[in-house]
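Worksheet for the structure shown next.
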2 protein chains.
Amino acid sequence: MSKYTLGLDFGTLDGRAVLVDVETGEELATTVYTYPDGVIDEVLPDGKTELGSDWALQNPADYITALEHTVPEVLKKSKIAPADIIGIGIDFTSCTILPIDKQGIPLCLKDEWKSNPHAWVKLWKHHSAEPYANRLREIALKRKEKFIYRYGGKISSEWMFPKIWQVLEEAPEIYQAADRFIEAGDWIVLQLTGQERRSSCNAGYKAIWDKKDGYPSPEFFDALHPRLKNVVEEKLSTYIYSAGSKAGGLTLQMARFIGLKENTPVAVGIIDAHSAVPACTVTQPGKMVLIMGTSTCHMLLSKEQKLIPGIPGVVEDGILTGYFGYEAGQAAVGDIFDWFVSNCVPANYEKEAQKSGINIYRFLEEKASKLRPSEIGLIALDWWNGNRSILNNADLSGMLLGLTLNTKPEEIYRALIEATAFGTRIIIDTFQENGLPIEELYACGGMPHKDKMLMQIYADVNGREIKIASSPQASALGAAMFGALAAGSEAGGYDSIEDSVKHMASLEKMTFIPIRENEQTYNRLFTEYKKLYDYFGRKGNQIMERLKRR
Amino acid sequence: MSKYTLGLDFGTLDGRAVLVDVETGEELATTVYTYPDGVIDEVLPDGKTELGSDWALQNPADYITALEHTVPEVLKKSKIAPADIIGIGIDFTSCTILPIDKQGIPLCLKDEWKSNPHAWVKLWKHHSAEPYANRLREIALKRKEKFIYRYGGKISSEWMFPKIWQVLEEAPEIYQAADRFIEAGDWIVLQLTGQERRSSCNAGYKAIWDKKDGYPSPEFFDALHPRLKNVVEEKLSTYIYSAGSKAGGLTLQMARFIGLKENTPVAVGIIDAHSAVPACTVTQPGKMVLIMGTSTCHMLLSKEQKLIPGIPGVVEDGILTGYFGYEAGQAAVGDIFDWFVSNCVPANYEKEAQKSGINIYRFLEEKASKLRPSEIGLIALDWWNGNRSILNNADLSGMLLGLTLNTKPEEIYRALIEATAFGTRIIIDTFQENGLPIEELYACGGMPHKDKMLMQIYADVNGREIKIASSPQASALGAAMFGALAAGSEAGGYDSIEDSVKHMASLEKMTFIPIRENEQTYNRLFTEYKKLYDYFGRKGNQIMERLKRR
């Protein structure tokens with residue numbers, strides 16, 4: 001009799017449940033539920049409280065409604081009995097945090113606080129805590145805090161402490177009223193199990209926590225703000241668990257709510273990008289996983305802890321237990337192509353695409369794929385949303401060079417794709433140069449299954465074969481795999497991530513192999529890219545920053 | 001009784017006649033005739049002889065047909081009697097040359113040669129003589145020829161001798177068969193008057209001729225190719241006349257052909273951009289004339305001869321008799337905006353513009369004019385067609401910097417306009433720094449009457465008031481003014497260009513005055529532009545050239 005696990009994947013715009021056969025990895029049913037309140041960035045759900053710029057909130061009730069809709073629906077679609085579902089895994093965006101009361105109820109759901117923006121979930125891309133991130137960083141550097149070097153000398157405004165500090169400064173009443181601040185992924189685990197079991201993945205990458213050193217010291221927090229001195233003790237939790245461990249069993253109440261069996265094992269939460277790593281079959285060093293979508297995350301495992309300049313996070317057990325997990329990122333990839341399609345594609349192209357019955361991305365790809373790599377004479381810097389790795393500079397911007405009166409839209413499109421591939425190569429080279437060799441590339445996410453030209457360019461630029469995860473929803477599958485770990489072999493699951501990979505994860509037959517000739521051309525172009533990268537990115541000419549601060 | 005002159009303006013795509021009241025400058029009638037063969041750049045009119053890339057030819061029969069159509073038509077429209085037309089002036093594109101036989105008949109119109117591409121008119125933008133221009137330049141520099149410094153150390157492939165040399169090397173039979181090579185403008189004068197009176201304007205700017213030094217020496221030409229040794233004597237003419245002097249009277253045959261009186265005075269020809277100078281009322285130093293269209297020409301008069309780095313031509317009597325005429329240029333201006341509109345404006349903008357019933361240029365202008373100068377955070381290098389002045393480098397290309405996910409098409413459009421204004425400022429600054437002060441700007445051509453935002457940006461960037469010629473066809477009006485000079489005061493015309501300007505040329509009431517605040521912002525942005533200009537244009541990073549030579 002087959003056994004199944006559920007992967008629950010909470011993205012930026014929707015929640016998703018996938019039901020997976022533990023033995024074969026077959027994805028029997030998937031249901032996606034779009035959050036009614038989506039990203040709240042202009043006005044609160046009360047319809048009157050307006051938000052500042054760079055705000056991005058969410059409604060935690062949407063997460064619960066997502067559970068209510070998706071889990072029963074996949075059961076119905078797949079006709080699998082609740083008794084055969086042996087485990088549940090959760091992946092979530094991060095750092096996405098909320099203030100809750102003693103009972104775990106989000107403050108924003110209480111009448112008292114519902115019109116206070118700081119009571120709501122601060123989504124990962126809520127960027128208005130930037131001044132707090134900068135001050136935190138400065139103070140840490142001044143105090144020569146060990147942790148700041150672990151994060152390449154940078155603290156992102158997306159992370160937990162800048163966001164908490166923002167609450168304290170801008171809404172002390174919320175800080176006061178909050179029993180705890182918690183990652184939304186950990187909060188979902190709490191809702192499902194009644195247990196607060198915080199994830200080492202979230203804590204390590206986004207809350208300056210380290211397996212050996214723990215959180216920063218009270219003295220450090222005191223230097224930020226006296227009321228933050230005991231923030232860890234007062235507002236967080238020091239009980240941190242690694243991904244794949246069991247957080248607890250489904251409560252009776254929740255089991256009834258979503259139609260599953262009481263006590264079904266639930267895994268500790270994991271960040272969505274990290275969850276994709278085992279779903280790409282990767283459980284070993286030397287294999288970099290690219291999660292390619294609107295932005296790209298680059299995940300790498302190693303037995304060694306190295307401080308790599310510009311890589312803002314190496315976390316022990318952060319991805320898989322027993323390894324140091326490294327995360328790098330490109331702040332915009334698909335977002336750049338979407339920008340281009342929305343803002344720069346002429347009407348006659350749209351018309352022609354319509355006539356051919358293909359979407360405009362495929363139309364551009366068709367035209368661009370007929371060009372030889374050396375042909376277009378264009379080069380771009382892919383910094384439309386700043387540069388995350390290696391430069392960690394949000395004030396950098398995009399550049400396009402080589403334009404002539406004969407330049408065609410598909411040439412620009414191809415140059416943008418090439419630029420993002422060069423951006424990946426810079427990251428790979430940085431790992432390599434700092435003693436972490438990368439032999440193979442694995443890709444998942446929105447692009448690898450549909451953008452063949454793009455994948456070939458990535459292979460050519462990076463001079464490495466790229467393998468593709470079979471599942472088009474690798475994060476959700478990964479969550480289901482962690483669900484199987486939480487269940488353990490006795491219940492029909494697995495005791496190691498390697499076993500789970502063997503059965504549940506697989507790769508596409510087709511891979512992308514570098515074409516020798518293109519590789520050589522791109523080596524030449526990459527030299528040009530790198531020269532521009534250094535000039536505009538490393539203080540040769542800080543014009544981009546000056547233009548942003550105009 | 002009023003008197004009139006005819007301005008005959010031969011452009012790249014059409015010929016135009018304008019009938020002007022000598023006393024008031026009123027343009028009574030204008031007729032435009034589009035050349036049937038236009039720019040011949042793929043296959044000869046024989047329908048079978050294919051041309052190489054970078055070729056651009058014309059059919060001289062089109063010029064004659066243009067005369068046949070336009071002159072009678074303006075007479076008819078204006079109801080002016082031929083007897084009241086006291087003079088004719090001609091302006092023409094340059095350097096546009098053709099080989100002719102002893103009788104002045106173009107070789108390409110003879111059966112024997114009509115399928116030989118080199119028998120046809122080589123239009124100014126025929127660029128396939130580039131290798132000859134480069135060799136000519138190298139040899140001149142090696143020999144330290146005085147003339148090469150007069151042209152800022154550069155010889156353009158558009159000029160006469162590279163084109164003639166190309167004929168000699170690639171079609172020696174045409175070189176042999178040609179009795180003379182002649183500028184098309186001078187050829188038209190020959191057709192009208194039976195007199196070969198070559199223009200000092202053409203010769204000085206495009207044929208390395210100087211009022212004092214004449215043409216380069218036979219020794220120099222011998223160093224290019226033994227058969228070129230006596231090219232001036234054998235294939236050109238040393239009889240050179242300045243603009244405004246009378247070339248001769250209309251022949252009886254031509255008078256009948258176009259419906260005018262025999263012996264009507266015809267002026268020596270002039271280059272189209274140069275003809276616009278007096279039509280902008282400018283007859284003095286310190287006033288720069290911008291002829292703004294697909295590209296921009298910058299014309300300046302001075303009593304002094306200065307060698308200005310990157311200004312490829314200072315010609316005594318080249319624009320107006322008694323002055324050294326300076327010409328600078330931006331290789332693409334309107335062409336960049338046209339490129340942008342054809343390749344980068346999204347369908348929804350086109351739709352919205354259509355709904356509002358305005359053309360897409362006005363639609364973009366409307367949106368862009370709402371932006372503050374500092375707001376867009378974008379900066380461009382306007383080198384879509386290379387850089388003519390000051391860098392004289394066709395291998396440079398366009399660059400756009402500061403792009404973000406929020407960048408809108410109208411922001412890019414505005415950045416492109418600003419970049420061309422910065423390009424003009426570099427030229428103005430170069431003149432100033434080399435001892436030729438520029439106090440006022442005068443504009444004519446396609447743009448000044450319709451692109452108000454662009455003109456204001458030019459005023460703000462250049463920190464100078466810009467006055468606009470009343471006539472939207474300044475070159476043609478200027479030709480009519482030179483026609484009045486050819487007639488002379490006895491016939492009812494004028495004896496000096498100043499007198500002709502007083503009566504025939506005028507300015508729009510509205511001028512564009514710099515806005516203080518914008519000026520300051522643009523000073524800051526210009527500093528950024530200049531830094532990029534120097535970096536990419538002056539060997540900081542020759543990536544643009546490397547990308548072109550890929």
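Simple scheme: letters A, B, ... for chains in structure tokens order, numbers from 1 for residues in each chain, numbers from 1 for ligands in the order shown.
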Please find the residues of chain B near chain A - the criterion being any atom within 7 Å, counting only C-alpha atoms - and write them as a short mmCIF file (atom, residue, chain, number, x, y, z; two decimals) with N, CA, C and O atoms, in the first residue's frame.
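File result_29.cif, as written:
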data_model
loop_
_atom_site.label_atom_id
_atom_site.label_comp_id
_atom_site.auth_asym_id
_atom_site.auth_seq_id
_atom_site.Cartn_x
_atom_site.Cartn_y
_atom_site.Cartn_z
N ILE B 336 17.89 58.69 -33.32
CA ILE B 336 17.83 57.91 -32.07
C ILE B 336 16.38 57.84 -31.58
O ILE B 336 15.90 56.79 -31.17
N TRP B 339 14.52 55.51 -33.75
CA TRP B 339 14.87 54.13 -33.37
C TRP B 339 14.08 53.71 -32.13
O TRP B 339 13.50 52.63 -32.08
N SER B 342 10.42 53.12 -32.92
CA SER B 342 10.18 51.92 -33.72
C SER B 342 10.47 50.63 -32.95
O SER B 342 9.89 49.60 -33.24
N ASN B 343 11.37 50.70 -32.00
CA ASN B 343 11.85 49.45 -31.39
C ASN B 343 11.52 49.27 -29.92
O ASN B 343 11.66 48.18 -29.39
N CYS B 344 11.12 50.33 -29.23
CA CYS B 344 11.05 50.24 -27.77
C CYS B 344 9.76 50.76 -27.15
O CYS B 344 9.68 50.81 -25.92
N VAL B 345 8.79 51.15 -27.93
CA VAL B 345 7.57 51.69 -27.31
C VAL B 345 6.50 50.61 -27.26
O VAL B 345 6.14 50.06 -28.30
N PRO B 346 6.01 50.30 -26.06
CA PRO B 346 5.11 49.16 -25.93
C PRO B 346 3.73 49.41 -26.55
O PRO B 346 3.32 50.56 -26.73
N ALA B 347 3.05 48.32 -26.83
CA ALA B 347 1.77 48.37 -27.52
C ALA B 347 0.75 49.23 -26.77
O ALA B 347 -0.02 49.97 -27.40
N SER B 374 15.67 65.89 -12.66
CA SER B 374 16.46 65.03 -11.78
C SER B 374 15.75 63.72 -11.48
O SER B 374 16.31 62.84 -10.84
N GLY B 377 16.70 59.54 -13.06
CA GLY B 377 17.83 58.71 -12.62
C GLY B 377 18.48 57.92 -13.73
O GLY B 377 19.14 56.92 -13.47
N TRP B 384 24.44 56.24 -30.79
CA TRP B 384 23.77 55.18 -31.56
C TRP B 384 24.35 55.05 -32.98
O TRP B 384 24.28 54.00 -33.58
N ASN B 385 24.86 56.15 -33.52
CA ASN B 385 25.47 56.14 -34.84
C ASN B 385 26.91 56.59 -34.74
O ASN B 385 27.45 57.26 -35.61
N SER B 397 29.20 53.37 -29.58
CA SER B 397 27.80 52.97 -29.63
C SER B 397 27.05 53.55 -28.44
O SER B 397 27.65 54.13 -27.53
N GLY B 398 25.74 53.38 -28.46
CA GLY B 398 24.89 53.97 -27.44
C GLY B 398 24.95 53.23 -26.11
O GLY B 398 25.26 52.03 -26.06
N MET B 399 24.72 53.96 -25.04
CA MET B 399 24.70 53.36 -23.70
C MET B 399 23.59 54.00 -22.88
O MET B 399 23.32 55.18 -23.04
N LEU B 400 22.99 53.18 -22.03
CA LEU B 400 21.90 53.64 -21.20
C LEU B 400 22.17 53.09 -19.81
O LEU B 400 22.42 51.89 -19.66
N LEU B 401 22.12 53.95 -18.80
CA LEU B 401 22.53 53.55 -17.45
C LEU B 401 21.53 54.10 -16.43
O LEU B 401 21.03 55.21 -16.58
N GLY B 402 21.26 53.31 -15.39
CA GLY B 402 20.33 53.75 -14.34
C GLY B 402 18.99 53.04 -14.42
O GLY B 402 18.05 53.44 -13.74
N LEU B 403 18.92 51.98 -15.21
CA LEU B 403 17.65 51.26 -15.41
C LEU B 403 17.24 50.51 -14.15
O LEU B 403 18.05 49.90 -13.48
N THR B 404 15.94 50.59 -13.82
CA THR B 404 15.41 49.83 -12.70
C THR B 404 14.11 49.17 -13.15
O THR B 404 13.62 49.43 -14.25
N LEU B 405 13.55 48.36 -12.26
CA LEU B 405 12.29 47.70 -12.58
C LEU B 405 11.15 48.71 -12.70
O LEU B 405 10.08 48.37 -13.21
N LYS B 408 10.28 53.74 -16.84
CA LYS B 408 9.18 53.81 -17.82
C LYS B 408 9.71 54.27 -19.18
O LYS B 408 10.71 54.97 -19.24
N PRO B 409 9.01 53.89 -20.25
CA PRO B 409 9.46 54.29 -21.59
C PRO B 409 9.69 55.80 -21.72
O PRO B 409 10.68 56.22 -22.33
N GLU B 528 28.38 63.99 -14.83
CA GLU B 528 28.31 62.53 -14.93
C GLU B 528 28.48 62.08 -16.39
O GLU B 528 29.19 61.11 -16.68
N ILE B 543 35.60 49.19 -24.88
CA ILE B 543 34.68 48.07 -25.07
C ILE B 543 33.79 48.27 -26.28
O ILE B 543 33.49 47.31 -26.99
N MET B 544 33.36 49.50 -26.54
CA MET B 544 32.44 49.70 -27.66
C MET B 544 33.09 49.31 -28.98
O MET B 544 32.48 48.66 -29.82
N LEU B 547 33.37 45.52 -29.13
CA LEU B 547 32.08 44.88 -29.43
C LEU B 547 31.72 45.02 -30.91
O LEU B 547 31.15 44.12 -31.50
N LYS B 548 32.07 46.17 -31.49
CA LYS B 548 31.77 46.37 -32.92
C LYS B 548 32.62 45.47 -33.80
O LYS B 548 32.18 45.03 -34.85
N ARG B 550 33.64 42.55 -33.15
CA ARG B 550 33.51 41.17 -32.68
C ARG B 550 33.68 40.20 -33.85
O ARG B 550 33.25 40.45 -34.93
#
Residues near stretch 167-173 of chain A, cut-off 9 Å, only C-alpha atoms, skip fewer than 2 positions along chain, as a ChimeraX atom specification: /A:116-119,162-165,175-178,227-228
Save out the residues we just selected, all heavy atoms, as a short mmCIF file (atom, residue, chain, number, x, y, z; two decimals), in the first residue's frame.
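Output below, filename selection-v3.cif:
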data_model
loop_
_atom_site.label_atom_id
_atom_site.label_comp_id
_atom_site.auth_asym_id
_atom_site.auth_seq_id
_atom_site.Cartn_x
_atom_site.Cartn_y
_atom_site.Cartn_z
N ASN A 116 -3.19 49.20 12.89
CA ASN A 116 -1.77 49.58 13.07
C ASN A 116 -0.91 48.74 12.10
O ASN A 116 -0.81 47.53 12.23
CB ASN A 116 -1.35 49.31 14.51
CG ASN A 116 0.03 49.87 14.78
OD1 ASN A 116 0.93 49.79 13.95
ND2 ASN A 116 0.19 50.46 15.96
N PRO A 117 -0.30 49.42 11.13
CA PRO A 117 0.45 48.67 10.10
C PRO A 117 1.49 47.72 10.70
O PRO A 117 1.73 46.64 10.16
CB PRO A 117 1.14 49.77 9.29
CG PRO A 117 0.33 51.00 9.52
CD PRO A 117 -0.24 50.88 10.92
N HIS A 118 2.07 48.12 11.83
CA HIS A 118 3.13 47.29 12.42
C HIS A 118 2.60 46.02 13.07
O HIS A 118 3.39 45.17 13.47
CB HIS A 118 3.95 48.11 13.41
CG HIS A 118 4.87 49.07 12.75
ND1 HIS A 118 6.03 48.69 12.13
CD2 HIS A 118 4.79 50.43 12.58
CE1 HIS A 118 6.64 49.75 11.61
NE2 HIS A 118 5.90 50.81 11.88
N ALA A 119 1.28 45.89 13.17
CA ALA A 119 0.70 44.67 13.71
C ALA A 119 0.66 43.56 12.66
O ALA A 119 0.49 42.40 13.00
CB ALA A 119 -0.70 44.96 14.24
N PRO A 162 16.29 44.06 11.83
CA PRO A 162 15.90 45.39 11.35
C PRO A 162 14.38 45.58 11.38
O PRO A 162 13.89 46.65 11.74
CB PRO A 162 16.43 45.42 9.91
CG PRO A 162 17.58 44.45 9.92
CD PRO A 162 17.17 43.37 10.89
N LYS A 163 13.64 44.53 11.04
CA LYS A 163 12.18 44.64 11.03
C LYS A 163 11.63 44.80 12.45
O LYS A 163 10.72 45.60 12.69
CB LYS A 163 11.57 43.40 10.33
CG LYS A 163 11.60 43.52 8.81
CD LYS A 163 11.13 42.24 8.11
CE LYS A 163 10.94 42.50 6.61
NZ LYS A 163 11.04 41.30 5.79
N ILE A 164 12.18 44.04 13.39
CA ILE A 164 11.71 44.18 14.78
C ILE A 164 12.07 45.56 15.33
O ILE A 164 11.26 46.22 15.99
CB ILE A 164 12.34 43.07 15.67
CG1 ILE A 164 11.79 41.70 15.28
CG2 ILE A 164 12.08 43.35 17.15
CD1 ILE A 164 12.35 40.54 16.10
N TRP A 165 13.27 45.99 15.03
CA TRP A 165 13.72 47.30 15.51
C TRP A 165 12.81 48.41 14.95
O TRP A 165 12.45 49.36 15.64
CB TRP A 165 15.18 47.53 15.09
CG TRP A 165 15.87 48.69 15.75
CD1 TRP A 165 15.36 49.53 16.70
CD2 TRP A 165 17.21 49.13 15.50
NE1 TRP A 165 16.29 50.47 17.06
CE2 TRP A 165 17.44 50.25 16.34
CE3 TRP A 165 18.24 48.68 14.68
CZ2 TRP A 165 18.66 50.94 16.36
CZ3 TRP A 165 19.46 49.37 14.71
CH2 TRP A 165 19.66 50.49 15.54
N TYR A 175 5.36 46.68 19.81
CA TYR A 175 6.49 45.96 20.38
C TYR A 175 6.13 45.48 21.77
O TYR A 175 6.35 44.32 22.14
CB TYR A 175 7.73 46.85 20.41
CG TYR A 175 8.98 46.11 20.86
CD1 TYR A 175 9.73 45.37 19.94
CD2 TYR A 175 9.40 46.14 22.19
CE1 TYR A 175 10.86 44.69 20.33
CE2 TYR A 175 10.53 45.45 22.59
CZ TYR A 175 11.26 44.72 21.66
OH TYR A 175 12.38 44.03 22.06
N GLN A 176 5.52 46.38 22.52
CA GLN A 176 5.09 46.09 23.90
C GLN A 176 4.04 44.98 23.90
O GLN A 176 4.13 44.01 24.67
CB GLN A 176 4.52 47.39 24.50
CG GLN A 176 3.92 47.24 25.88
CD GLN A 176 5.00 46.97 26.93
OE1 GLN A 176 6.14 47.40 26.79
NE2 GLN A 176 4.65 46.21 27.95
N ALA A 177 3.07 45.10 23.03
CA ALA A 177 1.94 44.16 23.03
C ALA A 177 2.32 42.78 22.51
O ALA A 177 1.67 41.78 22.85
CB ALA A 177 0.79 44.74 22.20
N ALA A 178 3.38 42.72 21.70
CA ALA A 178 3.77 41.44 21.10
C ALA A 178 4.36 40.53 22.17
O ALA A 178 5.31 40.90 22.85
CB ALA A 178 4.79 41.67 19.98
N ARG A 227 15.87 48.99 24.95
CA ARG A 227 14.74 48.07 25.06
C ARG A 227 14.93 46.80 24.23
O ARG A 227 14.15 45.86 24.35
CB ARG A 227 13.44 48.76 24.65
CG ARG A 227 12.95 49.74 25.72
CD ARG A 227 11.55 50.21 25.47
NE ARG A 227 10.56 49.15 25.51
CZ ARG A 227 9.30 49.31 25.11
NH1 ARG A 227 8.91 50.48 24.65
NH2 ARG A 227 8.44 48.30 25.17
N LEU A 228 15.94 46.81 23.37
CA LEU A 228 16.21 45.59 22.59
C LEU A 228 17.16 44.64 23.31
O LEU A 228 17.38 43.52 22.88
CB LEU A 228 16.82 45.95 21.22
CG LEU A 228 15.87 46.48 20.14
CD1 LEU A 228 16.65 46.85 18.90
CD2 LEU A 228 14.78 45.44 19.80
#
Shortest interatomic distance to A:Ala207 - which of A:Cys95, A:Ile174, A:Ala133, A:Ala276, counting only C-alpha atoms: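 The answer is A:Cys95, which sits nearest to A:Ala207.
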Shell of 12 Å around A:Gln432, only C-alpha atoms, local chain residues under 2 positions omitted, as a PyMOL selection string: chain A and resi 286-288+300+306+308-309+425-430+434-439
DSSP helix (DSSP H, G or I) residues within stretch 112-257 of chain A, listed as a PyMOL selection string: chain A and resi 117-119+130-142+146-150+160-170+172-177+184-193+200-206+218-224+226-228+231-235+252-257
Near-A:Ser94 list (7 Å; only C-alpha atoms; drop same-chain fewer than 6 positions) as a ChimeraX atom specification: /A:124,202,271
Would you output that residue set with N, CA, C and O atoms, as a PDB file, in the first residue's frame?
ATOM      1  N   TRP A 124       8.811  39.414   3.277  1.00  0.00           N
ATOM      2  CA  TRP A 124      10.262  39.460   3.010  1.00  0.00           C
ATOM      3  C   TRP A 124      10.663  40.729   2.276  1.00  0.00           C
ATOM      4  O   TRP A 124      11.677  41.334   2.569  1.00  0.00           O
ATOM      5  N   ASN A 202      15.508  29.412   8.938  1.00  0.00           N
ATOM      6  CA  ASN A 202      15.096  30.809   9.094  1.00  0.00           C
ATOM      7  C   ASN A 202      16.022  31.580  10.026  1.00  0.00           C
ATOM      8  O   ASN A 202      16.457  32.686   9.725  1.00  0.00           O
ATOM      9  N   ILE A 271      12.905  27.522   4.487  1.00  0.00           N
ATOM     10  CA  ILE A 271      12.724  28.597   3.501  1.00  0.00           C
ATOM     11  C   ILE A 271      12.481  27.973   2.134  1.00  0.00           C
ATOM     12  O   ILE A 271      13.050  26.932   1.797  1.00  0.00           O
TER      13      ILE A 271
END
Residue nearest B:Lys235 among B:Lys509, B:Lys48, B:Lys102, B:Arg143 (counting only C-alpha atoms): B:Lys102
Please provide the set of residues having any atom within 10 Å of stretch 49-55 of chain A, restricted to only C-alpha atoms, with same-chain residues fewer than 6 positions apart removed, written as a short mmCIF file (atom, residue, chain, number, x, y, z; two decimals) with N, CA and C atoms, in the first residue's frame.
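Written output follows (out.cif):
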data_model
loop_
_atom_site.label_atom_id
_atom_site.label_comp_id
_atom_site.auth_asym_id
_atom_site.auth_seq_id
_atom_site.Cartn_x
_atom_site.Cartn_y
_atom_site.Cartn_z
N VAL A 39 -0.19 40.95 -1.65
CA VAL A 39 0.82 41.80 -1.01
C VAL A 39 0.15 43.14 -0.69
N ILE A 40 0.15 43.48 0.59
CA ILE A 40 -0.50 44.72 1.03
C ILE A 40 0.55 45.82 1.03
N ASP A 41 0.52 46.69 0.01
CA ASP A 41 1.59 47.69 -0.07
C ASP A 41 1.07 49.11 -0.25
N GLU A 42 -0.25 49.29 -0.21
CA GLU A 42 -0.75 50.66 -0.32
C GLU A 42 -1.64 51.04 0.85
N VAL A 43 -2.59 50.17 1.17
CA VAL A 43 -3.52 50.50 2.25
C VAL A 43 -3.89 49.20 2.98
N LYS A 114 -5.79 46.18 14.64
CA LYS A 114 -5.91 45.90 13.20
C LYS A 114 -5.65 47.10 12.29
N SER A 115 -5.72 48.31 12.85
CA SER A 115 -5.41 49.49 12.01
C SER A 115 -3.99 50.00 12.21
N ASN A 116 -3.19 49.20 12.89
CA ASN A 116 -1.77 49.58 13.07
C ASN A 116 -0.91 48.74 12.10
N PRO A 117 -0.30 49.42 11.13
CA PRO A 117 0.45 48.67 10.10
C PRO A 117 1.49 47.72 10.70
N LYS A 122 5.09 41.41 8.20
CA LYS A 122 6.03 42.09 7.32
C LYS A 122 6.61 41.07 6.36
N LEU A 123 6.25 41.23 5.09
CA LEU A 123 6.68 40.30 4.05
C LEU A 123 8.19 40.46 3.81
N LYS A 125 9.81 41.16 1.33
CA LYS A 125 10.24 42.32 0.53
C LYS A 125 9.72 43.65 1.07
N HIS A 126 9.33 43.68 2.31
CA HIS A 126 9.09 44.93 3.03
C HIS A 126 10.47 45.57 3.25
N HIS A 127 10.72 46.72 2.58
CA HIS A 127 12.08 47.27 2.57
C HIS A 127 12.25 48.55 3.37
N SER A 128 11.20 48.93 4.13
CA SER A 128 11.31 50.23 4.80
C SER A 128 12.10 50.16 6.10
N ALA A 129 12.64 48.99 6.42
CA ALA A 129 13.50 48.89 7.60
C ALA A 129 14.97 49.15 7.24
N GLU A 130 15.19 49.63 6.03
CA GLU A 130 16.56 49.88 5.54
C GLU A 130 17.42 50.72 6.51
#
Distance criterion (only C-alpha atoms): nearest to B:Ala486 out of B:Ala247, B:Asp111, B:Glu23, B:Arg180: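 Among the listed residues, the smallest separation from B:Ala486 belongs to B:Ala247.
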Contacts of stretch 72-83 of chain A within 10 Å, only C-alpha atoms, excl. fewer than 4 positions in-chain, as a PyMOL selection string: chain A and resi 2-4+6+16-20+27-32+67-68+255+257-262+264
